[in-house]
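The next block holds one structure in the form of structure tokens; read it before the comments.
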Amino acid sequence: MANSALLVMDVQRDVVAIADDGSGYLPRLRRAIDGARAAGIPVIYVVMGLRPSDPEVSPRNRVMANVVRAGLFTEGAPGTEIHPDVVPHEGDVVVTKRRGSAFSGSDLDLVLRARDIDSLVLTGIATSAVVLSTLWHAIDLDFGLTVLADACLDTDPEVHRMLTEKLFPQWADVLAVQDWLTAIAPQ
């Protein structure tokens, strides 16, 4: 785990308000973040942020056009802030992306390469959006991958289950937060 980083993706106020199902997602994610810090694993936050007037959004991109219509992700808006239950600590990096993948329109790859990080632990909301998009992008960039299944959340539990149980295991280690914490605990 020496060259790993924990990515906390799109855990922003508005996203949590839409997706949180009352299952204890934020406390589980907080445990993963605290465990990463205790093990010396960098925590990198990734947020979606669109400039006011949305110059980076094409009307041909249905997903992004729907995001704009919903009034989500405008930089500086209160709903775009990282949820206070998992707020970054001093020294944590916050990367702003402009599309689904944590790599799209961001300097994430530069941050990771500068720190010699070659393995990513993925968490975030939504499993079928940022987690899936980032996983695919990271595969093409040759990163080692772990997905913390119960530190990911989706508005559709069946899609989450299918991705974490059937698709993701083909390309990544898929673990529960507790199992990952046990694996990274100092001996």
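Here's how to read the names in the structure tokens: chain A, B, ... by the order shown, residue numbers from 1 in each chain, ligand numbers from 1 in the order shown.
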
Mind checking DSSP for chain A and telling me the alpha helix (DSSP H) residues as a VMD selection string?
chain A and resid 13 to 19 25 to 38 62 to 69 108 to 114 132 to 140 157 to 162 177 to 184

As a PyMOL selection string, please: the residues near Ala149 of chain A (cut-off 7 Å, only C-alpha atoms, same-chain neighbours under 3 positions excluded).
chain A and resi 152+164+174-176

Let's have the selection written as a compact mmCIF listing (two decimals), in the first residue's frame, with C-alpha atoms.
```
# COMPACT_ATOMS: atom_id res chain seq x y z
CA CYS A 152 -19.50 3.40 -2.74
CA THR A 164 -19.48 -4.42 -7.27
CA VAL A 174 -13.39 -5.44 -4.36
CA LEU A 175 -13.42 -5.30 -0.56
CA ALA A 176 -15.57 -4.13 2.31
```

Show which residues sit within 8 Å of Arg30 of chain A, as number ranges by chain. Count only C-alpha atoms, and ignore same-chain residues fewer than 3 positions away.
A: 26-27, 33-34, 85-86

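Comparing A:Leu7, A:Ala151, A:Ile82, A:Met48 by their smallest distance to Leu112 of chain A, the closest is A:Leu7 (using only C-alpha atoms).
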
For His160 of chain A: contacts at 7 Å, only C-alpha atoms, fewer than 4 positions along chain excluded, given as an MDAnalysis selection string
chainID A and resid 127:128 153:154 156 164

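Here the question is which of A:Asp14, A:Gly35, A:Glu75, A:Leu141 gets nearest to Arg113 of chain A using only C-alpha atoms, and that residue is A:Leu141.
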
Excluding Leu148 of chain A and its own-chain neighbours fewer than 4 positions away, which residues fall within 10 Å of it when counting only C-alpha atoms? Please give them as a list of chain:residue names.
A:Leu6, A:Leu29, A:Ala32, A:Val121, A:Leu122, A:Thr123, A:Gly124, A:Cys152, A:Thr164, A:Asp173, A:Val174, A:Leu175, A:Ala176, A:Val177, A:Gln178, A:Asp179, A:Trp180

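If only C-alpha atoms are the atoms counted, then among A:Met162, A:Val57, A:Ala17, A:Tyr25 the closest residue to Gly105 of chain A is A:Val57.
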
What residues in chain A get the DSSP label strand (DSSP E)? Please answer as an MDAnalysis selection string.
chainID A and resid 4:9 43:48 93:97 119:125 144:153 173:175

Would you save the residues of that selection, restricted to N, CA, C and O atoms, as a short mmCIF file (atom, residue, chain, number, x, y, z; two decimals), in the first residue's frame?
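Saved as result-v5.cif:
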```cif
data_model
loop_
_atom_site.label_atom_id
_atom_site.label_comp_id
_atom_site.auth_asym_id
_atom_site.auth_seq_id
_atom_site.Cartn_x
_atom_site.Cartn_y
_atom_site.Cartn_z
N SER A 4 -0.11 3.73 -2.75
CA SER A 4 -1.56 3.82 -2.95
C SER A 4 -2.09 5.16 -2.50
O SER A 4 -1.46 5.86 -1.70
N ALA A 5 -3.27 5.50 -3.00
CA ALA A 5 -4.02 6.65 -2.53
C ALA A 5 -5.49 6.27 -2.46
O ALA A 5 -5.98 5.47 -3.27
N LEU A 6 -6.17 6.82 -1.47
CA LEU A 6 -7.61 6.64 -1.33
C LEU A 6 -8.28 7.81 -2.03
O LEU A 6 -8.03 8.97 -1.69
N LEU A 7 -9.14 7.53 -3.01
CA LEU A 7 -9.91 8.57 -3.69
C LEU A 7 -11.31 8.62 -3.10
O LEU A 7 -12.01 7.61 -3.05
N VAL A 8 -11.70 9.80 -2.66
CA VAL A 8 -13.04 10.05 -2.13
C VAL A 8 -13.72 10.94 -3.17
O VAL A 8 -13.41 12.13 -3.28
N MET A 9 -14.65 10.35 -3.94
CA MET A 9 -15.13 11.02 -5.14
C MET A 9 -16.61 11.41 -5.06
O MET A 9 -17.47 10.59 -4.74
N VAL A 43 -5.04 10.69 1.18
CA VAL A 43 -6.46 10.80 0.87
C VAL A 43 -6.60 11.94 -0.12
O VAL A 43 -6.18 13.07 0.15
N ILE A 44 -7.18 11.63 -1.27
CA ILE A 44 -7.38 12.63 -2.32
C ILE A 44 -8.87 12.73 -2.58
O ILE A 44 -9.53 11.73 -2.88
N TYR A 45 -9.39 13.94 -2.43
CA TYR A 45 -10.81 14.20 -2.69
C TYR A 45 -10.97 14.65 -4.13
O TYR A 45 -10.16 15.44 -4.63
N VAL A 46 -12.01 14.15 -4.77
CA VAL A 46 -12.33 14.55 -6.13
C VAL A 46 -13.76 15.10 -6.11
O VAL A 46 -14.67 14.43 -5.60
N VAL A 47 -13.92 16.30 -6.63
CA VAL A 47 -15.24 16.92 -6.68
C VAL A 47 -15.57 17.33 -8.11
O VAL A 47 -14.67 17.66 -8.89
N MET A 48 -16.83 17.29 -8.42
CA MET A 48 -17.32 17.82 -9.69
C MET A 48 -17.52 19.31 -9.49
O MET A 48 -18.17 19.72 -8.51
N VAL A 93 -5.35 16.54 -0.63
CA VAL A 93 -5.49 17.19 -1.93
C VAL A 93 -6.96 17.13 -2.34
O VAL A 93 -7.63 16.11 -2.16
N VAL A 94 -7.45 18.24 -2.91
CA VAL A 94 -8.79 18.27 -3.50
C VAL A 94 -8.62 18.58 -4.98
O VAL A 94 -8.01 19.59 -5.35
N VAL A 95 -9.13 17.69 -5.82
CA VAL A 95 -9.04 17.82 -7.27
C VAL A 95 -10.43 18.11 -7.80
O VAL A 95 -11.40 17.46 -7.39
N THR A 96 -10.53 19.06 -8.71
CA THR A 96 -11.82 19.37 -9.35
C THR A 96 -11.82 18.78 -10.75
O THR A 96 -10.90 19.00 -11.52
N LYS A 97 -12.88 18.04 -11.04
CA LYS A 97 -13.05 17.43 -12.37
C LYS A 97 -14.21 18.11 -13.08
O LYS A 97 -15.03 18.78 -12.45
N SER A 119 -1.37 2.87 -7.41
CA SER A 119 -2.51 2.03 -7.01
C SER A 119 -3.55 2.92 -6.36
O SER A 119 -3.22 3.76 -5.52
N LEU A 120 -4.81 2.72 -6.75
CA LEU A 120 -5.90 3.55 -6.25
C LEU A 120 -6.93 2.72 -5.51
O LEU A 120 -7.25 1.60 -5.92
N VAL A 121 -7.46 3.29 -4.44
CA VAL A 121 -8.57 2.71 -3.70
C VAL A 121 -9.75 3.65 -3.94
O VAL A 121 -9.71 4.82 -3.58
N LEU A 122 -10.79 3.12 -4.60
CA LEU A 122 -11.90 3.95 -5.05
C LEU A 122 -13.08 3.90 -4.09
O LEU A 122 -13.51 2.82 -3.67
N THR A 123 -13.61 5.08 -3.79
CA THR A 123 -14.84 5.25 -3.02
C THR A 123 -15.62 6.38 -3.65
O THR A 123 -15.04 7.21 -4.36
N GLY A 124 -16.92 6.44 -3.39
CA GLY A 124 -17.66 7.60 -3.86
C GLY A 124 -19.09 7.33 -4.25
O GLY A 124 -19.60 6.22 -4.16
N ILE A 125 -19.70 8.42 -4.70
CA ILE A 125 -21.09 8.42 -5.13
C ILE A 125 -21.12 9.02 -6.54
O ILE A 125 -20.62 10.12 -6.75
N GLY A 144 -3.08 0.02 -10.37
CA GLY A 144 -3.66 -1.07 -9.60
C GLY A 144 -4.92 -0.54 -8.93
O GLY A 144 -4.97 0.64 -8.55
N LEU A 145 -5.94 -1.37 -8.78
CA LEU A 145 -7.22 -0.87 -8.31
C LEU A 145 -7.83 -1.73 -7.22
O LEU A 145 -7.82 -2.96 -7.29
N THR A 146 -8.39 -1.03 -6.22
CA THR A 146 -9.24 -1.63 -5.21
C THR A 146 -10.49 -0.78 -5.13
O THR A 146 -10.41 0.46 -5.17
N VAL A 147 -11.63 -1.41 -5.05
CA VAL A 147 -12.90 -0.71 -4.85
C VAL A 147 -13.44 -1.13 -3.48
O VAL A 147 -13.54 -2.32 -3.19
N LEU A 148 -13.74 -0.14 -2.65
CA LEU A 148 -14.37 -0.42 -1.36
C LEU A 148 -15.89 -0.40 -1.59
O LEU A 148 -16.50 0.66 -1.64
N ALA A 149 -16.46 -1.59 -1.75
CA ALA A 149 -17.86 -1.71 -2.18
C ALA A 149 -18.83 -0.97 -1.27
O ALA A 149 -19.75 -0.31 -1.75
N ASP A 150 -18.62 -1.06 0.05
CA ASP A 150 -19.56 -0.41 0.96
C ASP A 150 -19.17 1.04 1.27
O ASP A 150 -19.82 1.71 2.06
N ALA A 151 -18.15 1.54 0.57
CA ALA A 151 -17.81 2.97 0.62
C ALA A 151 -18.13 3.62 -0.72
O ALA A 151 -17.68 4.71 -1.03
N CYS A 152 -18.91 2.89 -1.51
CA CYS A 152 -19.50 3.40 -2.74
C CYS A 152 -21.01 3.35 -2.55
O CYS A 152 -21.51 2.53 -1.79
N LEU A 153 -21.70 4.22 -3.23
CA LEU A 153 -23.15 4.31 -3.07
C LEU A 153 -23.76 4.68 -4.41
O LEU A 153 -23.16 5.43 -5.19
N ASP A 173 -9.61 -5.41 -7.11
CA ASP A 173 -9.96 -6.08 -5.87
C ASP A 173 -11.16 -5.34 -5.30
O ASP A 173 -11.15 -4.11 -5.23
N VAL A 174 -12.19 -6.05 -4.94
CA VAL A 174 -13.39 -5.44 -4.36
C VAL A 174 -13.50 -5.92 -2.92
O VAL A 174 -13.60 -7.13 -2.67
N LEU A 175 -13.43 -4.97 -1.98
CA LEU A 175 -13.42 -5.30 -0.56
C LEU A 175 -14.44 -4.46 0.20
O LEU A 175 -14.83 -3.39 -0.26
#
```

One-decimal distance in Å that lies between atom CA of Val63 of chain A and atom CA of Asp10 of chain A:
15.2 Å

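Candidate residues A:Arg31, A:Ser53, A:Leu72, A:Arg161 were compared for distance to Leu181 of chain A, and the nearest is A:Arg31, using only C-alpha atoms.
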